[in-house]
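As stored in run-v8.cif (mmCIF, C-alpha atoms):
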```
data_my_file
loop_
_atom_site.label_atom_id
_atom_site.label_comp_id
_atom_site.auth_asym_id
_atom_site.auth_seq_id
_atom_site.Cartn_x
_atom_site.Cartn_y
_atom_site.Cartn_z
CA MET A 670 -11.92 -17.74 26.38
CA HIS A 671 -8.42 -18.66 25.20
CA ILE A 672 -7.83 -19.79 21.61
CA HIS A 673 -4.82 -19.97 19.28
CA PRO A 674 -5.27 -19.50 15.51
CA GLU A 675 -2.11 -19.54 13.38
CA LEU A 676 -1.41 -16.78 10.84
CA ARG A 677 1.04 -16.96 7.93
CA MET A 678 1.56 -14.02 5.57
CA PHE A 679 3.35 -13.81 2.23
CA ILE A 680 4.15 -10.77 0.09
CA ASP A 681 5.14 -11.53 -3.49
CA GLY A 682 5.84 -15.11 -2.44
CA LYS A 683 8.14 -14.21 0.48
CA ALA A 684 7.14 -15.23 4.01
CA GLN A 685 6.61 -12.28 6.36
CA GLU A 686 7.30 -12.46 10.06
CA ILE A 687 4.46 -11.74 12.46
CA PRO A 688 6.29 -9.83 15.22
CA ALA A 689 6.37 -10.83 18.87
CA ASN A 690 4.51 -8.83 21.50
CA ILE A 691 1.87 -7.27 19.25
CA GLY A 692 -0.86 -6.09 21.60
CA ILE A 693 1.25 -6.33 24.76
CA ALA A 694 1.83 -2.96 26.41
CA SER A 695 3.35 -4.36 29.61
CA PRO A 696 3.57 -7.69 31.48
CA THR A 697 0.13 -6.98 32.98
CA CYS A 698 -1.56 -5.16 30.07
CA TYR A 699 -2.55 -7.33 27.11
CA ARG A 700 -5.03 -6.66 24.32
CA PRO A 701 -7.51 -9.55 23.81
CA VAL A 702 -5.74 -10.42 20.51
CA HIS A 703 -1.96 -10.53 20.86
CA THR A 704 1.25 -12.41 20.08
CA HIS A 705 3.97 -13.63 22.42
CA ASP A 706 6.57 -14.60 19.83
CA SER A 707 7.15 -14.43 16.06
CA ALA A 708 5.91 -17.98 15.35
CA GLY A 709 2.59 -16.74 13.91
CA THR A 710 0.43 -17.94 16.80
CA LEU A 711 -2.27 -15.44 17.69
CA HIS A 712 -3.44 -15.56 21.29
CA ILE A 713 -7.06 -14.59 21.80
CA GLU A 714 -7.86 -14.29 25.47
CA TYR A 715 -11.02 -12.67 26.79
CA LYS A 716 -13.14 -12.82 29.93
CA LYS A 717 -16.15 -14.16 28.01
CA VAL A 718 -16.68 -16.03 24.75
CA ARG A 719 -17.18 -13.75 21.76
CA ASP A 720 -16.24 -13.63 18.09
CA PHE A 721 -12.95 -12.03 17.05
CA ALA A 722 -12.44 -11.17 13.38
CA LEU A 723 -9.03 -11.34 11.69
CA GLY A 724 -9.22 -7.59 11.05
CA GLU A 725 -9.14 -6.97 14.80
CA PHE A 726 -5.62 -8.39 14.91
CA PHE A 727 -4.53 -6.05 12.10
CA LYS A 728 -5.98 -3.07 14.02
CA VAL A 729 -4.04 -4.06 17.14
CA TRP A 730 -0.93 -4.45 14.94
CA GLU A 731 -1.69 -1.02 13.42
CA LYS A 732 -1.37 -2.42 9.89
CA PRO A 733 -3.96 -2.26 7.13
CA PHE A 734 -5.34 -5.60 5.99
CA TYR A 735 -5.18 -4.58 2.33
CA MET A 736 -1.99 -3.44 0.60
CA GLU A 737 -2.19 -0.86 -2.13
CA GLY A 738 -1.49 -2.37 -5.54
CA LYS A 739 -1.61 -5.95 -4.25
CA ALA A 740 -4.27 -8.59 -4.81
CA VAL A 741 -5.08 -10.62 -1.72
CA LYS A 742 -5.78 -14.34 -1.48
CA MET A 743 -6.61 -16.11 1.74
CA THR A 744 -7.03 -19.70 2.82
CA VAL A 745 -8.29 -21.04 6.12
CA ASN A 746 -7.39 -24.63 6.95
CA GLY A 747 -6.34 -25.14 3.32
CA LYS A 748 -9.60 -23.86 1.77
CA GLU A 749 -10.07 -20.57 -0.06
CA ASN A 750 -11.81 -17.96 2.05
CA THR A 751 -13.04 -14.57 0.86
CA GLU A 752 -14.22 -13.21 4.21
CA TYR A 753 -10.75 -11.66 4.59
CA GLU A 754 -10.63 -9.22 7.52
CA HIS A 755 -14.19 -10.21 8.51
CA TYR A 756 -13.25 -13.87 9.04
CA ILE A 757 -14.14 -15.04 12.57
CA MET A 758 -11.09 -16.85 13.94
CA ARG A 759 -11.42 -20.25 15.62
CA ASP A 760 -9.03 -22.27 17.76
CA LYS A 761 -6.26 -23.94 15.77
CA ASP A 762 -7.26 -22.28 12.47
CA GLN A 763 -4.45 -22.23 9.92
CA ILE A 764 -4.86 -18.84 8.21
CA GLU A 765 -2.70 -17.95 5.24
CA VAL A 766 -2.85 -14.52 3.61
CA ARG A 767 -0.99 -13.85 0.34
CA TYR A 768 -0.43 -10.47 -1.27
CA GLU A 769 0.66 -10.57 -4.92
#
```

Could you rewrite the structure in this file as structure tokens?
Amino acid sequence: MHIHPELRMFIDGKAQEIPANIGIASPTCYRPVHTHDSAGTLHIEYKKVRDFALGEFFKVWEKPFYMEGKAVKMTVNGKENTEYEHYIMRDKDQIEVRYE
């Protein structure tokens, strides 16, 4: 399994960078959900096909999905989505999360 959803995040209207190398401990040790660069592409690579929720990426990143005092809005492929951290990511998804 090898898919590539795209994640964009905004806090109070300002774009936030998704850092490179999230989930990469060494050149030979990768978590199933990881990044290679700061372009927002999530790499999901696993030995068998299974569902990966958006929240799994935030756990690997060691960041909470929700921000205290901020309302969250999310779209997937341009449509509102309220599954938030439970959303099952698919190849080429365009995920946008906004905190206001």

Please list as a CSV table (one decimal) with C-alpha atoms, in the coordinates of the input every residue within 9 Å of Phe721 in chain A, counting only C-alpha atoms and excluding residues in the same chain fewer than 5 positions away.
```csv
chain,number,residue,atom,x,y,z
A,702,VAL,CA,-5.7,-10.4,20.5
A,713,ILE,CA,-7.1,-14.6,21.8
A,726,PHE,CA,-5.6,-8.4,14.9
A,755,HIS,CA,-14.2,-10.2,8.5
A,756,TYR,CA,-13.2,-13.9,9.0
A,757,ILE,CA,-14.1,-15.0,12.6
A,758,MET,CA,-11.1,-16.8,13.9
A,759,ARG,CA,-11.4,-20.2,15.6
```

Quiz item: Do you know which residues lie at most 12 Å from (-12.7, -20.9, 2.7), with coordinates as in the file and only C-alpha atoms counted, and could you write them as a VMD selection string?
Solution: chain A and resid 742 to 753 756 to 757 762 to 766

Exercise. Quick one: pull the distance between CA of Ile693 in chain A and CA of His705 in chain A, Å, one decimal.
Key: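 Atom-to-atom, CA of Ile693 in chain A to CA of His705 in chain A, that is 8.1 Å.
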
Practice problem: Measure the distance from CA of Met678 in chain A to CA of Leu723 in chain A in Å and round it to one decimal. | Solution: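 Separation between CA of Met678 in chain A and CA of Leu723 in chain A: 12.5 Å.
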
Exercise. Go through the shown structure with the PyMOL selection byres ((chain A and resi 704) around 6) and write out the matching residues as a ChimeraX atom specification.
Key: /A:689-691,703,705-706,711-712

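CA of Thr710 in chain A is positioned 22.9 Å from CA of Glu769 in chain A.
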
Exercise. Identify, on the basis of all atoms listed in the file, every residue whose closest approach to Glu686 in chain A does not exceed 10 Å; exclude the query and any residue fewer than 3 positions from it along the same chain; express the result as JSON, numbers by chain.
Key: {"A": [676, 677, 678, 679, 683, 689, 707, 708, 709]}

Quiz item: With only C-alpha atoms as the basis for distance, which of A:Pro733, A:Pro701, A:Gly738, A:Gly724 is at the shortest distance from Ile672 in chain A?
Solution: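 Once distances to Ile672 in chain A are computed over only C-alpha atoms, the minimum belongs to A:Pro701.
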
Quiz item: Using all atoms listed in the file, which of the listed residues (A:Ala740, A:Met670, A:Ala684, A:Ala694) sits closest to Tyr768 in chain A?
Solution: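 Nearest candidate to Tyr768 in chain A out of A:Ala740, A:Met670, A:Ala684, A:Ala694: A:Ala740.
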
Quiz item: From the list A:Arg700, A:His671, A:Tyr735, A:Gln685, which residue is nearest Glu714 in chain A when using all atoms listed in the file?
Solution: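 Under the stated criterion, the closest residue is A:His671.
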
Practice problem: Go through A:Ile687, A:Asp720, A:Gly682, A:Glu737 and flag the residue nearest Asp760 in chain A, using all atoms listed in the file for the distances. | Solution: A:Asp720
